[in-house]
Amino acid sequence: MESRIVVLGNKDHGKSTLIGSLLMETGAVTAQRVDDARKTSESLGRKFEPGYILDSFEEERKNEMTIDTTRAYLTYKGSRIEFIDVPGHEELIKNMMSGASYADSALLIVSAREIEGFTEQSRRHLFIASMLGIRKLVVAINKMDAVGYSDRIFENTKREIEEYIMKVGISFREIFFVPVSAYNAENLCRPSGNMRWYNGTVLVELLSWKSVDNGDAQKEGVATLRGFLDREKGIVMGRVVAGKIMEGEELSLMPQGSVMRITELFVGEQKKESALKGENIAFVPEERISSEVRGSVISSQGAGIESSVALKARIFIVSDISGDVSIKMNGIASECAAIKVIETTDIMTGKRTGKARIIPMQNTAYAEIETVRPLVYAQFRRIPELGRFMIYSNGSFSGIGLVE
Amino acid sequence: MANEELKALVEGSVYIMREAKMNARKVAALWSMGKDSTAMLALARKAFMKKVPFPVIHIDNGIDFPETYAFREELAESWELDLIVAKSKIKPEISGYSCCGSNKTEALKEVMKEYGFDALIVSIRRDEHGIRAKERYTSPRDKDFNWNYKNQQAEMWDNYSSNPDGEGHIRVHPLLDWRETDIWRYTKEERIPINPLYLSRNGNRYRSLGCVHCTSPVRSSAGNIDEIIKELEDTTEEERAGRDQDKEKEYVMEKLRALGYM
């Protein structure tokens, strides 16, 4: 399966440069795009910048920073790798989160230079990646050429990152560290003669496989309902988000709290007896559903789907929550009655504070969310689609939450 | 590419189109009769029980290829499409960037207003162009069609946006994740009809189709879809290399899209 990798790190530590370099090294980018980047570098009076392959907005190139997320692709030994480049700038954290929410792995780029190093912004990115459920982390310690290819500096930076991960209590399933020079393409695809002390694998190899699914995913069938495909005929549209949904099986319908069976099931336009996770379905229920169905959930017996007006979640705040608060989960907005903070955690130090009233910006809390109408949900780690939401206040995006 | 991956792309697109239909008051799709927007219509047929449930708009400047018009008529009939042909004017003094920027966008603005569409499905892909790689699956445009690309709204997971203010419209991009070869693999698998200009004739074929003024063919011997895929796997050329150049140059696409171009 294709691996989707979000590229994290502080502004100016070389994210776009590293991906641009990797694309050139693996021949994944056309001569025309390289040429375009070369011409842009020249016209701006700068030395060749591989990052311009990705940063295509005029403002991005002139100001030498990524404004919004972009994607780039390469194929290595038959595996497809998709890079999601995100801005490293603190004010653009919403764009970083938009990109990171689609990734299964993360590549964190940290500059080895002492004045740059493992910054607050790198820590914030790492924390968010872990929160979003990213399983595999590859850390590229970049700009090794600027620190004399020192193995001591590499080891110190690595230790600092490991200590941070321990201290704030986040985790990844797999973690790798690799020393690189993005600009000189060292240790990207070919081992570097300047860093013979590094015995590990080159970067592209570390990125070429996707981390396996964790074992605790939901087995029982669950589908979210999207609305009526044909209201007159009572045909309902949905998407299977866990396990398998079968024709004729006894299913519970939430939040209605009733029991139903499917008499005719379609995957896409084809008639089927069952549908699997990820498939878009349409079905005719045995008895016509008279209530609104958008946002409802059908599930096999024992699926453990809950419906209530209060849920507990880990939240991350990017801007103040005030005024009219709502959450958007599974594509549907719900008005909130209250967000009650149970405990805040400082993501830089790991320090926990109970009963805080206000969550500091760009920080995290464990909280209880109360909604006006009942919401159907599940734990994020079991069914991601029913356990993750965006938080809005007065219509603007202000954070995310993951059901625990 | 594994079948599993193509399947994931199909399910993703079906989901986005169904959500667009549920979130909007009145949806339309742009159809250029090219391979991408035709694949999009095939996906819409999959999503909505073999019937495309929204009108499809052709922005017609009157100078598309004869094969393109013939293909439009054929498919519109066999798939029972609700086809809207929006005529755009060609001004002889305007070409390239200005032509696409003013003429086509103006025609689109008029038709959107006339019918009151608040969502527009556009079949762009990220791998086509650096600027298109920056798009979201759903992206609001204001009443003048401006794209506020410097401050795009957050879009996470499968939470898509709907038209925020009732004045502008929302662009919906169900094919954003697809690559050129994915489109061809799907076209082959589903036996989707194609414009014959995509296949080699006298050693040339069109890789990307625009109007007669601004499109030129590439050297190719690919006479069927398998051969096209094989050729694309080895090419070092850009897909849109055959499009009139000033449109594709640095920042021009950015400006075109900011003004409402597709």
# chains A, B, ... in the order shown; residues from 1 in each chain; ligands from 1
$ residues_around --residues "Met246 of chain A" --least-positions-apart "3" --cutoff "10 Å" --atoms "only C-alpha atoms" --output "VMD selection string"
chain A and resid 221 249 to 251 261 to 265 272 to 276 300
$ interface_residues --of "chain A" --to "chain B" --cutoff "8 Å" --atoms "only C-alpha atoms" --output "MDAnalysis selection string"
chainID A and resid 1:2 29:32 36 53:58 67:72 94:95 97:99 101:102 226:227 229 239 268:269 278:280 328:332 385 390 397
$ atom_distance --atom1 "atom CA of Phe177 of chain A" --atom2 "atom CA of Glu116 of chain A"
17.6 Å
$ residues_around --residues "Met144 of chain A" --least-positions-apart "3" --cutoff "6 Å" --atoms "only C-alpha atoms" --output "list in words"
Val147, Tyr149, Val180 and Ser181 of chain A
$ select_by_dssp --residues "segment 98-237 of chain A" --states "strand (DSSP E or B)" --output "number ranges by chain"
A: 105-111, 136-142, 174-179, 181, 186, 222-230, 235-237
$ residues_around --residues "segment 11-21 of chain A" --least-positions-apart "2" --cutoff "7 Å" --atoms "only C-alpha atoms" --output "ChimeraX atom specification"
/A:7,9,23-25,49-51,53-54,85,88-89,109-111,182-183,185
$ write_last_selection --atoms "N, CA and C atoms" --output "compact mmCIF listing (two decimals), in the first residue's frame"
# COMPACT_ATOMS: atom_id res chain seq x y z
N VAL A 7 5.57 15.77 6.17
CA VAL A 7 6.92 16.24 6.44
C VAL A 7 6.85 17.39 7.44
N GLY A 9 8.43 19.86 10.82
CA GLY A 9 9.64 20.53 11.28
C GLY A 9 9.50 22.03 11.25
N LEU A 23 13.09 14.09 -4.71
CA LEU A 23 12.37 13.92 -5.98
C LEU A 23 13.37 13.92 -7.14
N MET A 24 14.35 14.81 -7.06
CA MET A 24 15.35 14.88 -8.12
C MET A 24 16.22 13.64 -8.12
N GLU A 25 16.65 13.19 -6.94
CA GLU A 25 17.50 12.01 -6.82
C GLU A 25 16.83 10.75 -7.37
N GLU A 49 17.61 26.25 -5.64
CA GLU A 49 16.84 25.82 -4.49
C GLU A 49 15.85 24.71 -4.89
N PRO A 50 16.15 23.45 -4.52
CA PRO A 50 15.25 22.35 -4.89
C PRO A 50 13.85 22.50 -4.29
N GLY A 51 13.75 23.28 -3.22
CA GLY A 51 12.46 23.49 -2.57
C GLY A 51 11.44 24.16 -3.47
N ILE A 53 10.61 23.33 -6.27
CA ILE A 53 9.82 22.32 -6.98
C ILE A 53 8.47 22.18 -6.27
N LEU A 54 8.48 22.36 -4.95
CA LEU A 54 7.24 22.23 -4.18
C LEU A 54 6.57 23.56 -3.90
N ASP A 85 3.85 18.00 2.19
CA ASP A 85 4.68 19.06 2.74
C ASP A 85 3.76 20.05 3.44
N GLY A 88 6.02 25.27 8.13
CA GLY A 88 6.63 25.12 9.44
C GLY A 88 6.37 26.31 10.35
N HIS A 89 5.75 27.32 9.78
CA HIS A 89 5.51 28.55 10.51
C HIS A 89 4.40 28.37 11.53
N ILE A 109 11.99 16.84 10.22
CA ILE A 109 13.29 17.35 9.84
C ILE A 109 13.77 18.35 10.89
N VAL A 110 14.92 18.05 11.45
CA VAL A 110 15.48 18.91 12.50
C VAL A 110 16.87 19.33 12.06
N SER A 111 17.13 20.61 12.11
CA SER A 111 18.46 21.09 11.73
C SER A 111 19.48 20.76 12.81
N ALA A 182 20.27 17.64 3.11
CA ALA A 182 19.25 17.69 2.06
C ALA A 182 19.81 18.37 0.83
N TYR A 183 20.52 19.44 1.06
CA TYR A 183 21.02 20.22 -0.07
C TYR A 183 22.02 19.44 -0.91
N ALA A 185 22.16 16.15 -0.96
CA ALA A 185 21.56 14.84 -1.19
C ALA A 185 22.37 13.71 -0.55
$ atom_distance --atom1 "atom CA of Lys26 of chain B" --atom2 "atom CA of Asp60 of chain B"
21.5 Å
$ select_by_dssp --residues "segment 59-268 of chain A" --states "helix (DSSP H, G or I)" --output "number ranges by chain"
A: 59-63, 90-100, 120-131, 144-147, 151-168, 193-195, 203-207
$ closest_residue --among "B:Thr181, B:Thr68, B:Thr38, B:Ser88" --to "Ala107 of chain B" --atoms "only C-alpha atoms"
B:Ser88
$ residues_around --residues "segment 338-354 of chain A" --least-positions-apart "5" --cutoff "8 Å" --atoms "only C-alpha atoms" --output "number ranges by chain"
A: 120, 123-124, 127, 167-169, 325, 359, 363-371
$ residues_around --residues "Ala106 of chain A" --least-positions-apart "3" --cutoff "9 Å" --atoms "only C-alpha atoms" --output "PyMOL selection string"
chain A and resi 4-8+100+103+126+129+134-139
$ residues_around --residues "Leu30 of chain B" --least-positions-apart "5" --cutoff "9 Å" --atoms "only C-alpha atoms" --output "VMD selection string"
chain B and resid 37 55 to 59 120 to 123 262
$ write_last_selection --atoms "all heavy atoms" --output "compact mmCIF listing (two decimals), in the first residue's frame"
# COMPACT_ATOMS: atom_id res chain seq x y z
N SER B 37 -12.46 14.54 -16.63
CA SER B 37 -13.85 14.85 -16.29
C SER B 37 -14.79 13.75 -16.77
O SER B 37 -15.88 13.58 -16.21
CB SER B 37 -14.27 16.23 -16.80
OG SER B 37 -14.02 16.38 -18.17
N PRO B 55 -26.44 18.53 -13.37
CA PRO B 55 -26.12 18.98 -14.73
C PRO B 55 -24.61 19.02 -14.96
O PRO B 55 -23.85 19.26 -14.02
CB PRO B 55 -26.70 20.40 -14.78
CG PRO B 55 -27.62 20.51 -13.61
CD PRO B 55 -27.12 19.56 -12.58
N VAL B 56 -24.21 18.78 -16.19
CA VAL B 56 -22.79 18.92 -16.54
C VAL B 56 -22.64 20.08 -17.51
O VAL B 56 -23.43 20.24 -18.45
CB VAL B 56 -22.19 17.62 -17.11
CG1 VAL B 56 -22.25 16.51 -16.08
CG2 VAL B 56 -22.90 17.18 -18.38
N ILE B 57 -21.65 20.91 -17.22
CA ILE B 57 -21.47 22.14 -18.00
C ILE B 57 -20.27 22.02 -18.93
O ILE B 57 -19.17 21.67 -18.48
CB ILE B 57 -21.24 23.36 -17.07
CG1 ILE B 57 -22.38 23.49 -16.06
CG2 ILE B 57 -21.07 24.65 -17.87
CD1 ILE B 57 -22.12 24.52 -14.96
N HIS B 58 -20.48 22.32 -20.19
CA HIS B 58 -19.36 22.45 -21.11
C HIS B 58 -19.21 23.94 -21.43
O HIS B 58 -20.13 24.56 -21.94
CB HIS B 58 -19.62 21.66 -22.40
CG HIS B 58 -18.57 21.90 -23.46
ND1 HIS B 58 -18.86 21.83 -24.80
CD2 HIS B 58 -17.26 22.18 -23.36
CE1 HIS B 58 -17.74 22.09 -25.49
NE2 HIS B 58 -16.76 22.30 -24.65
N ILE B 59 -18.04 24.49 -21.08
CA ILE B 59 -17.75 25.88 -21.44
C ILE B 59 -17.23 25.81 -22.87
O ILE B 59 -16.11 25.38 -23.12
CB ILE B 59 -16.68 26.51 -20.53
CG1 ILE B 59 -17.06 26.36 -19.05
CG2 ILE B 59 -16.46 27.98 -20.90
CD1 ILE B 59 -18.22 27.20 -18.61
N LEU B 120 -19.60 23.35 -7.45
CA LEU B 120 -19.13 23.02 -8.79
C LEU B 120 -18.04 21.94 -8.69
O LEU B 120 -17.02 22.14 -8.04
CB LEU B 120 -18.55 24.27 -9.46
CG LEU B 120 -18.09 24.11 -10.92
CD1 LEU B 120 -19.29 23.86 -11.84
CD2 LEU B 120 -17.31 25.34 -11.37
N ILE B 121 -18.30 20.81 -9.32
CA ILE B 121 -17.33 19.71 -9.31
C ILE B 121 -16.33 19.93 -10.44
O ILE B 121 -16.74 20.10 -11.60
CB ILE B 121 -18.03 18.35 -9.45
CG1 ILE B 121 -18.96 18.13 -8.25
CG2 ILE B 121 -17.01 17.21 -9.58
CD1 ILE B 121 -19.80 16.86 -8.32
N VAL B 122 -15.06 19.98 -10.10
CA VAL B 122 -14.01 20.21 -11.09
C VAL B 122 -12.99 19.09 -10.99
O VAL B 122 -12.54 18.74 -9.90
CB VAL B 122 -13.33 21.58 -10.85
CG1 VAL B 122 -12.35 21.89 -11.97
CG2 VAL B 122 -14.36 22.70 -10.75
N SER B 123 -12.61 18.53 -12.15
CA SER B 123 -11.80 17.31 -12.14
C SER B 123 -10.30 17.57 -12.21
O SER B 123 -9.61 16.97 -13.03
CB SER B 123 -12.24 16.42 -13.30
OG SER B 123 -13.62 16.17 -13.21
N MET B 262 -10.56 27.13 -13.96
CA MET B 262 -10.65 25.75 -13.53
C MET B 262 -9.28 25.10 -13.50
O MET B 262 -9.05 24.11 -12.92
CB MET B 262 -11.56 24.95 -14.46
CG MET B 262 -12.92 25.58 -14.74
SD MET B 262 -12.89 27.24 -15.45
CE MET B 262 -13.18 26.84 -17.15
$ atom_distance --atom1 "atom CA of Val236 of chain A" --atom2 "atom CA of Arg288 of chain A"
9.7 Å
$ closest_residue --among "A:Ser41, A:Ser258, A:Ser252, A:Asn187" --to "Val204 of chain A" --atoms "only C-alpha atoms"
A:Asn187
$ closest_residue --among "A:Met195, A:Ala28, A:Ile170, A:Leu108" --to "Met131 of chain A" --atoms "only C-alpha atoms"
A:Ile170
$ closest_residue --among "A:Ala140, A:Leu188, A:Leu74, A:Leu402" --to "Thr157 of chain A" --atoms "only C-alpha atoms"
A:Ala140
$ closest_residue --among "A:Leu375, A:Ile115, A:Val284, A:Met260" --to "Arg231 of chain A" --atoms "only C-alpha atoms"
A:Val284
$ decode --residues "segment 13-112 of chain A" --atoms "C-alpha atoms" --output "short mmCIF file (atom, residue, chain, number, x, y, z; two decimals), in the first residue's frame"
data_model
loop_
_atom_site.label_atom_id
_atom_site.label_comp_id
_atom_site.auth_asym_id
_atom_site.auth_seq_id
_atom_site.Cartn_x
_atom_site.Cartn_y
_atom_site.Cartn_z
CA HIS A 13 15.08 23.57 8.70
CA GLY A 14 14.81 22.37 5.11
CA LYS A 15 11.52 20.48 4.60
CA SER A 16 10.80 21.62 1.05
CA THR A 17 14.49 21.42 0.14
CA LEU A 18 14.71 17.84 1.35
CA ILE A 19 11.66 16.65 -0.57
CA GLY A 20 12.75 18.56 -3.68
CA SER A 21 16.15 16.89 -3.44
CA LEU A 22 14.63 13.43 -2.95
CA LEU A 23 12.37 13.92 -5.98
CA MET A 24 15.35 14.88 -8.12
CA GLU A 25 17.50 12.01 -6.82
CA THR A 26 14.82 9.42 -7.58
CA GLY A 27 13.94 10.94 -10.95
CA ALA A 28 10.35 11.48 -9.78
CA VAL A 29 10.14 15.01 -11.11
CA THR A 30 10.20 16.10 -14.73
CA ALA A 31 13.16 17.97 -16.19
CA GLN A 32 10.76 20.82 -16.84
CA ARG A 33 9.90 21.33 -13.18
CA VAL A 34 13.57 21.21 -12.16
CA ASP A 35 14.32 23.72 -14.87
CA ASP A 36 11.49 25.94 -13.70
CA ALA A 37 12.90 25.84 -10.14
CA ARG A 38 16.38 26.63 -11.50
CA LYS A 39 15.09 29.63 -13.44
CA THR A 40 13.18 30.91 -10.44
CA SER A 41 16.30 30.62 -8.27
CA GLU A 42 18.28 32.58 -10.86
CA SER A 43 15.64 35.26 -11.29
CA LEU A 44 15.59 35.77 -7.52
CA GLY A 45 19.40 35.96 -7.56
CA ARG A 46 19.82 32.87 -5.38
CA LYS A 47 21.70 29.60 -5.69
CA PHE A 48 19.65 26.67 -6.93
CA GLU A 49 16.84 25.82 -4.49
CA PRO A 50 15.25 22.35 -4.89
CA GLY A 51 12.46 23.49 -2.57
CA TYR A 52 10.97 25.57 -5.40
CA ILE A 53 9.82 22.32 -6.98
CA LEU A 54 7.24 22.23 -4.18
CA ASP A 55 6.78 25.82 -3.17
CA SER A 56 4.96 27.01 -6.25
CA PHE A 57 3.16 30.10 -5.01
CA GLU A 58 4.94 33.30 -5.98
CA GLU A 59 4.73 34.48 -2.37
CA GLU A 60 6.27 31.23 -1.14
CA ARG A 61 9.30 31.55 -3.38
CA LYS A 62 9.90 35.23 -2.79
CA ASN A 63 9.55 34.92 0.98
CA GLU A 64 11.34 31.54 1.15
CA MET A 65 8.63 29.84 3.17
CA THR A 66 5.90 27.30 2.56
CA ILE A 67 2.46 28.84 3.04
CA ASP A 68 0.20 25.93 2.41
CA THR A 69 0.36 22.18 2.29
CA THR A 70 1.26 20.47 -0.95
CA ARG A 71 1.87 16.93 -2.14
CA ALA A 72 4.60 15.23 -4.10
CA TYR A 73 4.96 11.66 -5.25
CA LEU A 74 7.72 9.20 -5.92
CA THR A 75 8.00 5.51 -6.59
CA TYR A 76 10.86 3.63 -4.94
CA LYS A 77 11.45 -0.04 -5.74
CA GLY A 78 7.80 -0.41 -6.70
CA SER A 79 6.36 1.31 -3.59
CA ARG A 80 4.43 4.52 -3.97
CA ILE A 81 5.37 7.24 -1.52
CA GLU A 82 3.33 10.39 -1.18
CA PHE A 83 4.84 13.35 0.64
CA ILE A 84 2.64 15.93 2.29
CA ASP A 85 4.68 19.06 2.74
CA VAL A 86 3.31 21.44 5.36
CA PRO A 87 4.26 24.93 6.50
CA GLY A 88 6.63 25.12 9.44
CA HIS A 89 5.51 28.55 10.51
CA GLU A 90 3.67 28.74 13.83
CA GLU A 91 0.82 30.87 12.50
CA LEU A 92 0.11 28.32 9.79
CA ILE A 93 -0.56 25.45 12.16
CA LYS A 94 -4.08 24.92 10.73
CA ASN A 95 -2.54 24.22 7.33
CA MET A 96 -0.04 21.87 8.94
CA MET A 97 -2.88 20.00 10.65
CA SER A 98 -4.90 19.83 7.42
CA GLY A 99 -1.97 18.08 5.74
CA ALA A 100 -1.03 15.86 8.67
CA SER A 101 -4.57 14.51 9.09
CA TYR A 102 -4.15 12.49 5.87
CA ALA A 103 -0.79 10.88 6.77
CA ASP A 104 0.12 7.46 8.15
CA SER A 105 3.79 8.28 8.73
CA ALA A 106 5.77 11.39 9.61
CA LEU A 107 9.17 12.59 8.55
CA LEU A 108 10.48 15.14 11.04
CA ILE A 109 13.29 17.35 9.84
CA VAL A 110 15.48 18.91 12.50
CA SER A 111 18.46 21.09 11.73
CA ALA A 112 21.69 19.93 13.34
#
